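Below is final.txt, which holds compact mmCIF, N, CA and C atoms.
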# COMPACT_ATOMS: atom_id res chain seq x y z
N MET I 205 -2.88 47.46 -9.72
CA MET I 205 -2.04 47.29 -10.88
C MET I 205 -1.03 48.42 -10.92
N ILE I 206 0.25 48.10 -11.09
CA ILE I 206 1.31 49.09 -11.09
C ILE I 206 1.50 49.60 -12.51
N SER I 207 1.59 50.91 -12.65
CA SER I 207 1.82 51.53 -13.94
C SER I 207 3.23 51.20 -14.41
N THR I 208 3.38 50.96 -15.71
CA THR I 208 4.71 50.63 -16.22
C THR I 208 5.63 51.83 -16.17
N ASN I 209 5.10 53.03 -16.10
CA ASN I 209 5.95 54.22 -16.01
C ASN I 209 6.57 54.35 -14.64
N THR I 210 5.97 53.76 -13.60
CA THR I 210 6.46 53.97 -12.26
C THR I 210 7.11 52.74 -11.65
N SER I 211 7.07 51.64 -12.31
CA SER I 211 7.64 50.42 -11.76
C SER I 211 9.15 50.39 -11.98
N GLY I 212 9.89 50.09 -10.90
CA GLY I 212 11.34 49.97 -11.02
C GLY I 212 11.73 48.87 -11.98
N THR I 213 10.98 47.78 -11.99
CA THR I 213 11.25 46.68 -12.91
C THR I 213 11.05 47.12 -14.34
N ALA I 214 10.02 47.94 -14.58
CA ALA I 214 9.75 48.42 -15.93
C ALA I 214 10.86 49.34 -16.41
N VAL I 215 11.36 50.17 -15.51
CA VAL I 215 12.47 51.06 -15.87
C VAL I 215 13.69 50.23 -16.22
N TYR I 216 14.00 49.23 -15.40
CA TYR I 216 15.16 48.37 -15.65
C TYR I 216 15.02 47.65 -16.99
N SER I 217 13.84 47.09 -17.26
CA SER I 217 13.66 46.37 -18.52
C SER I 217 13.69 47.32 -19.71
N ALA I 218 13.19 48.55 -19.55
CA ALA I 218 13.26 49.52 -20.64
C ALA I 218 14.70 49.87 -20.95
N ILE I 219 15.53 50.01 -19.91
CA ILE I 219 16.94 50.30 -20.13
C ILE I 219 17.62 49.12 -20.81
N GLN I 220 17.31 47.92 -20.37
CA GLN I 220 17.92 46.74 -20.97
C GLN I 220 17.49 46.57 -22.42
N ASN I 221 16.22 46.85 -22.72
CA ASN I 221 15.73 46.70 -24.08
C ASN I 221 16.27 47.77 -25.01
N SER I 222 16.61 48.94 -24.47
CA SER I 222 17.10 50.01 -25.33
C SER I 222 18.55 49.81 -25.72
N MET I 223 19.25 48.90 -25.03
CA MET I 223 20.65 48.61 -25.36
C MET I 223 20.75 47.17 -25.84
N SER I 224 21.18 47.00 -27.07
CA SER I 224 21.33 45.64 -27.58
C SER I 224 22.81 45.35 -27.77
N LEU I 225 23.20 44.09 -27.55
CA LEU I 225 24.60 43.69 -27.70
C LEU I 225 24.88 43.36 -29.14
N ASP I 226 26.12 43.61 -29.58
CA ASP I 226 26.51 43.19 -30.91
C ASP I 226 26.72 41.68 -30.90
N THR I 227 27.11 41.11 -32.05
CA THR I 227 27.20 39.66 -32.15
C THR I 227 28.29 39.08 -31.26
N SER I 228 29.35 39.83 -30.98
CA SER I 228 30.40 39.29 -30.12
C SER I 228 30.01 39.36 -28.65
N GLY I 229 29.04 40.22 -28.30
CA GLY I 229 28.58 40.33 -26.94
C GLY I 229 29.52 41.12 -26.04
N SER I 230 30.53 41.77 -26.62
CA SER I 230 31.52 42.45 -25.80
C SER I 230 31.15 43.88 -25.43
N GLU I 231 30.44 44.57 -26.29
CA GLU I 231 30.08 45.95 -25.97
C GLU I 231 28.70 46.27 -26.54
N PRO I 232 28.00 47.22 -25.94
CA PRO I 232 26.68 47.55 -26.43
C PRO I 232 26.76 48.23 -27.79
N ALA I 233 25.83 47.88 -28.62
CA ALA I 233 25.71 48.54 -29.92
C ALA I 233 24.93 49.83 -29.74
N PRO I 234 25.05 50.76 -30.65
CA PRO I 234 24.26 51.98 -30.52
C PRO I 234 22.77 51.66 -30.57
N PRO I 235 21.94 52.46 -29.91
CA PRO I 235 20.51 52.17 -29.90
C PRO I 235 19.94 52.19 -31.30
N ALA I 236 18.97 51.33 -31.54
CA ALA I 236 18.29 51.30 -32.82
C ALA I 236 17.52 52.60 -33.00
N SER I 237 17.10 52.88 -34.22
CA SER I 237 16.43 54.15 -34.49
C SER I 237 15.15 54.31 -33.68
N GLY I 238 14.47 53.25 -33.36
CA GLY I 238 13.24 53.33 -32.58
C GLY I 238 13.47 53.23 -31.08
N ALA I 239 14.69 52.92 -30.66
CA ALA I 239 14.98 52.73 -29.24
C ALA I 239 15.14 54.10 -28.56
N ALA I 240 14.74 54.15 -27.31
CA ALA I 240 14.84 55.38 -26.53
C ALA I 240 16.24 55.52 -25.96
N SER I 241 16.70 56.75 -25.82
CA SER I 241 17.99 56.99 -25.21
C SER I 241 17.86 56.84 -23.70
N PHE I 242 18.99 56.73 -23.02
CA PHE I 242 18.98 56.57 -21.57
C PHE I 242 18.31 57.78 -20.92
N GLY I 243 18.61 58.97 -21.41
CA GLY I 243 18.00 60.19 -20.87
C GLY I 243 16.49 60.18 -21.04
N ALA I 244 16.03 59.70 -22.19
CA ALA I 244 14.58 59.65 -22.43
C ALA I 244 13.91 58.64 -21.49
N VAL I 245 14.58 57.53 -21.24
CA VAL I 245 14.03 56.53 -20.32
C VAL I 245 13.91 57.12 -18.92
N LEU I 246 14.96 57.86 -18.49
CA LEU I 246 14.91 58.49 -17.18
C LEU I 246 13.83 59.56 -17.10
N GLN I 247 13.67 60.33 -18.17
CA GLN I 247 12.62 61.35 -18.20
C GLN I 247 11.24 60.71 -18.10
N ASN I 248 11.03 59.62 -18.81
CA ASN I 248 9.74 58.92 -18.76
C ASN I 248 9.48 58.36 -17.36
N ALA I 249 10.53 57.83 -16.73
CA ALA I 249 10.37 57.30 -15.38
C ALA I 249 10.03 58.42 -14.40
N ALA I 250 10.70 59.56 -14.53
CA ALA I 250 10.43 60.70 -13.65
C ALA I 250 9.02 61.23 -13.88
N ALA I 251 8.61 61.29 -15.14
CA ALA I 251 7.25 61.75 -15.45
C ALA I 251 6.21 60.80 -14.87
N GLY I 252 6.48 59.51 -14.93
CA GLY I 252 5.57 58.53 -14.35
C GLY I 252 5.48 58.67 -12.84
N LEU I 253 6.61 58.94 -12.21
CA LEU I 253 6.63 59.15 -10.76
C LEU I 253 5.80 60.37 -10.38
N ILE I 254 5.98 61.45 -11.12
CA ILE I 254 5.22 62.67 -10.85
C ILE I 254 3.73 62.44 -11.10
N ASP I 255 3.41 61.74 -12.17
CA ASP I 255 2.00 61.45 -12.47
C ASP I 255 1.35 60.62 -11.37
N SER I 256 2.07 59.62 -10.86
CA SER I 256 1.48 58.80 -9.80
C SER I 256 1.26 59.62 -8.53
N GLY I 257 2.16 60.55 -8.25
CA GLY I 257 1.96 61.44 -7.10
C GLY I 257 0.77 62.36 -7.30
N ASN I 258 0.61 62.87 -8.52
CA ASN I 258 -0.54 63.72 -8.81
C ASN I 258 -1.86 62.96 -8.72
N VAL I 259 -1.87 61.73 -9.18
CA VAL I 259 -3.08 60.90 -9.09
C VAL I 259 -3.43 60.66 -7.62
N ALA I 260 -2.42 60.36 -6.82
CA ALA I 260 -2.65 60.13 -5.39
C ALA I 260 -3.21 61.39 -4.73
N ASP I 261 -2.66 62.55 -5.08
CA ASP I 261 -3.15 63.81 -4.53
C ASP I 261 -4.60 64.07 -4.93
N THR I 262 -4.90 63.82 -6.19
CA THR I 262 -6.26 64.05 -6.69
C THR I 262 -7.26 63.13 -6.00
N LYS I 263 -6.90 61.86 -5.89
CA LYS I 263 -7.80 60.90 -5.24
C LYS I 263 -7.99 61.23 -3.77
N SER I 264 -6.92 61.69 -3.11
CA SER I 264 -7.03 62.07 -1.70
C SER I 264 -7.94 63.28 -1.54
N ALA I 265 -7.80 64.25 -2.42
CA ALA I 265 -8.66 65.43 -2.36
C ALA I 265 -10.11 65.07 -2.64
N ASP I 266 -10.34 64.17 -3.57
CA ASP I 266 -11.71 63.71 -3.86
C ASP I 266 -12.32 63.01 -2.64
N ALA I 267 -11.51 62.21 -1.95
CA ALA I 267 -12.01 61.50 -0.77
C ALA I 267 -12.34 62.49 0.34
N LEU I 268 -11.54 63.53 0.48
CA LEU I 268 -11.81 64.53 1.52
C LEU I 268 -13.10 65.30 1.26
N THR I 269 -13.43 65.48 0.00
CA THR I 269 -14.67 66.20 -0.34
C THR I 269 -15.87 65.26 -0.40
N GLY I 270 -15.64 63.97 -0.22
CA GLY I 270 -16.74 63.01 -0.22
C GLY I 270 -17.05 62.43 -1.59
N LYS I 271 -16.27 62.75 -2.60
CA LYS I 271 -16.51 62.26 -3.96
C LYS I 271 -15.75 60.98 -4.27
N GLY I 272 -14.72 60.67 -3.50
CA GLY I 272 -13.85 59.55 -3.82
C GLY I 272 -14.13 58.31 -3.00
N ASN I 273 -13.50 57.24 -3.42
CA ASN I 273 -13.61 55.94 -2.77
C ASN I 273 -12.33 55.72 -1.96
N LEU I 274 -12.45 55.29 -0.74
CA LEU I 274 -11.30 55.08 0.13
C LEU I 274 -10.34 54.03 -0.44
N THR I 275 -10.86 53.01 -1.05
CA THR I 275 -10.02 51.97 -1.65
C THR I 275 -9.15 52.55 -2.76
N ASP I 276 -9.74 53.42 -3.60
CA ASP I 276 -8.97 54.06 -4.66
C ASP I 276 -7.86 54.94 -4.10
N VAL I 277 -8.15 55.61 -3.01
CA VAL I 277 -7.15 56.48 -2.38
C VAL I 277 -5.98 55.64 -1.86
N VAL I 278 -6.29 54.56 -1.18
CA VAL I 278 -5.24 53.71 -0.62
C VAL I 278 -4.38 53.11 -1.74
N MET I 279 -5.02 52.67 -2.80
CA MET I 279 -4.28 52.10 -3.93
C MET I 279 -3.39 53.14 -4.60
N ALA I 280 -3.90 54.34 -4.82
CA ALA I 280 -3.13 55.40 -5.47
C ALA I 280 -1.95 55.82 -4.61
N VAL I 281 -2.17 55.96 -3.32
CA VAL I 281 -1.08 56.35 -2.42
C VAL I 281 -0.04 55.23 -2.34
N SER I 282 -0.47 53.98 -2.32
CA SER I 282 0.47 52.86 -2.28
C SER I 282 1.32 52.81 -3.54
N LYS I 283 0.70 53.04 -4.70
CA LYS I 283 1.46 53.06 -5.96
C LYS I 283 2.48 54.19 -5.96
N ALA I 284 2.07 55.35 -5.50
CA ALA I 284 2.99 56.49 -5.46
C ALA I 284 4.14 56.22 -4.49
N GLU I 285 3.83 55.59 -3.36
CA GLU I 285 4.87 55.29 -2.37
C GLU I 285 5.87 54.27 -2.92
N MET I 286 5.37 53.23 -3.58
CA MET I 286 6.26 52.22 -4.16
C MET I 286 7.14 52.83 -5.25
N ALA I 287 6.57 53.70 -6.06
CA ALA I 287 7.34 54.35 -7.12
C ALA I 287 8.43 55.22 -6.52
N LEU I 288 8.10 55.94 -5.46
CA LEU I 288 9.09 56.79 -4.81
C LEU I 288 10.21 55.96 -4.18
N GLN I 289 9.84 54.85 -3.55
CA GLN I 289 10.85 53.98 -2.94
C GLN I 289 11.78 53.39 -3.99
N ALA I 290 11.23 53.00 -5.13
CA ALA I 290 12.05 52.46 -6.21
C ALA I 290 13.00 53.54 -6.75
N THR I 291 12.50 54.75 -6.88
CA THR I 291 13.32 55.85 -7.37
C THR I 291 14.45 56.17 -6.40
N VAL I 292 14.15 56.18 -5.12
CA VAL I 292 15.18 56.45 -4.11
C VAL I 292 16.23 55.34 -4.12
N ALA I 293 15.80 54.10 -4.29
CA ALA I 293 16.76 52.99 -4.33
C ALA I 293 17.69 53.11 -5.53
N VAL I 294 17.14 53.47 -6.68
CA VAL I 294 17.96 53.65 -7.88
C VAL I 294 18.92 54.82 -7.69
N ARG I 295 18.42 55.92 -7.12
CA ARG I 295 19.26 57.08 -6.86
C ARG I 295 20.42 56.70 -5.94
N ASP I 296 20.13 55.95 -4.88
CA ASP I 296 21.17 55.55 -3.94
C ASP I 296 22.23 54.69 -4.62
N LYS I 297 21.81 53.79 -5.51
CA LYS I 297 22.77 52.94 -6.23
C LYS I 297 23.63 53.78 -7.17
N VAL I 298 23.03 54.76 -7.84
CA VAL I 298 23.79 55.62 -8.75
C VAL I 298 24.82 56.43 -7.97
N ILE I 299 24.42 56.98 -6.84
CA ILE I 299 25.35 57.76 -6.02
C ILE I 299 26.47 56.88 -5.49
N SER I 300 26.15 55.67 -5.07
CA SER I 300 27.15 54.74 -4.58
C SER I 300 28.15 54.38 -5.68
N ALA I 301 27.64 54.14 -6.88
CA ALA I 301 28.51 53.82 -8.00
C ALA I 301 29.40 55.00 -8.35
N TYR I 302 28.85 56.20 -8.33
CA TYR I 302 29.64 57.40 -8.61
C TYR I 302 30.75 57.57 -7.57
N GLN I 303 30.42 57.37 -6.31
CA GLN I 303 31.42 57.49 -5.26
C GLN I 303 32.52 56.44 -5.40
N ASP I 304 32.15 55.22 -5.79
CA ASP I 304 33.15 54.18 -6.01
C ASP I 304 34.09 54.56 -7.16
N ILE I 305 33.53 55.13 -8.22
CA ILE I 305 34.35 55.55 -9.36
C ILE I 305 35.30 56.66 -8.94
N MET I 306 34.80 57.60 -8.13
CA MET I 306 35.64 58.71 -7.70
C MET I 306 36.77 58.25 -6.78
N LYS I 307 36.61 57.14 -6.10
CA LYS I 307 37.64 56.62 -5.21
C LYS I 307 38.74 55.87 -5.96
N MET I 308 38.49 55.52 -7.21
CA MET I 308 39.47 54.76 -7.99
C MET I 308 40.72 55.59 -8.26
N ALA I 309 41.85 54.93 -8.16
CA ALA I 309 43.12 55.58 -8.50
C ALA I 309 43.28 55.61 -10.01
N ILE I 310 43.88 56.68 -10.48
CA ILE I 310 44.06 56.81 -11.92
C ILE I 310 45.43 56.31 -12.31

Mind turning the file's structure into structure tokens?
Amino acid sequence: MISTNTSGTAVYSAIQNSMSLDTSGSEPAPPASGAASFGAVLQNAAAGLIDSGNVADTKSADALTGKGNLTDVVMAVSKAEMALQATVAVRDKVISAYQDIMKMAI
């Protein structure tokens, strides 16, 4: 089971849910009082990525000492790897978009 903090889909849906369109649909309305800001969503995603890496490290260390289950280790490492791959993909898209913006003529 993938943690919602580390799933790329969860991050995307959290960003989409935090921005609501006004009635004309032309521009985003300001976030509601209970909605998270974009920075907060990114911080939560980064914290989830770090947590999944820490869980994988802990499970690996437990397996090395004979206290852990190999299946748990493989699952934790797989989750951490998928979270990292999703983060790198998002980072690459952001950098690409930034570079495209910088190439635009003013």

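Within 6.5 Å of the point (-1.0, 58.9, -3.3), counting all atoms listed in the file, the protein and nucleic acid residues come to Ser256, Gly257, Val259, Ala260, Asp261, Val277, Met279, Ala280, Val281, Ser282, Lys283, Ala284 and Glu285 of chain I.
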
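Atom to atom, atom C of Gln289 of chain I and atom N of Asn248 of chain I stand 16.1 Å apart.
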
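Taking atom N of Arg295 of chain I and atom CA of Ala249 of chain I as the two end points, the separation is 11.6 Å.
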
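Interatomic distance, atom C of Met306 of chain I against atom CA of Ala293 of chain I: 20.8 Å.
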
Tell me, which residues of segment 239-284 of chain I carry DSSP helix (DSSP H, G or I), written as an MDAnalysis selection string? chainID I and resid 242:268 274:284
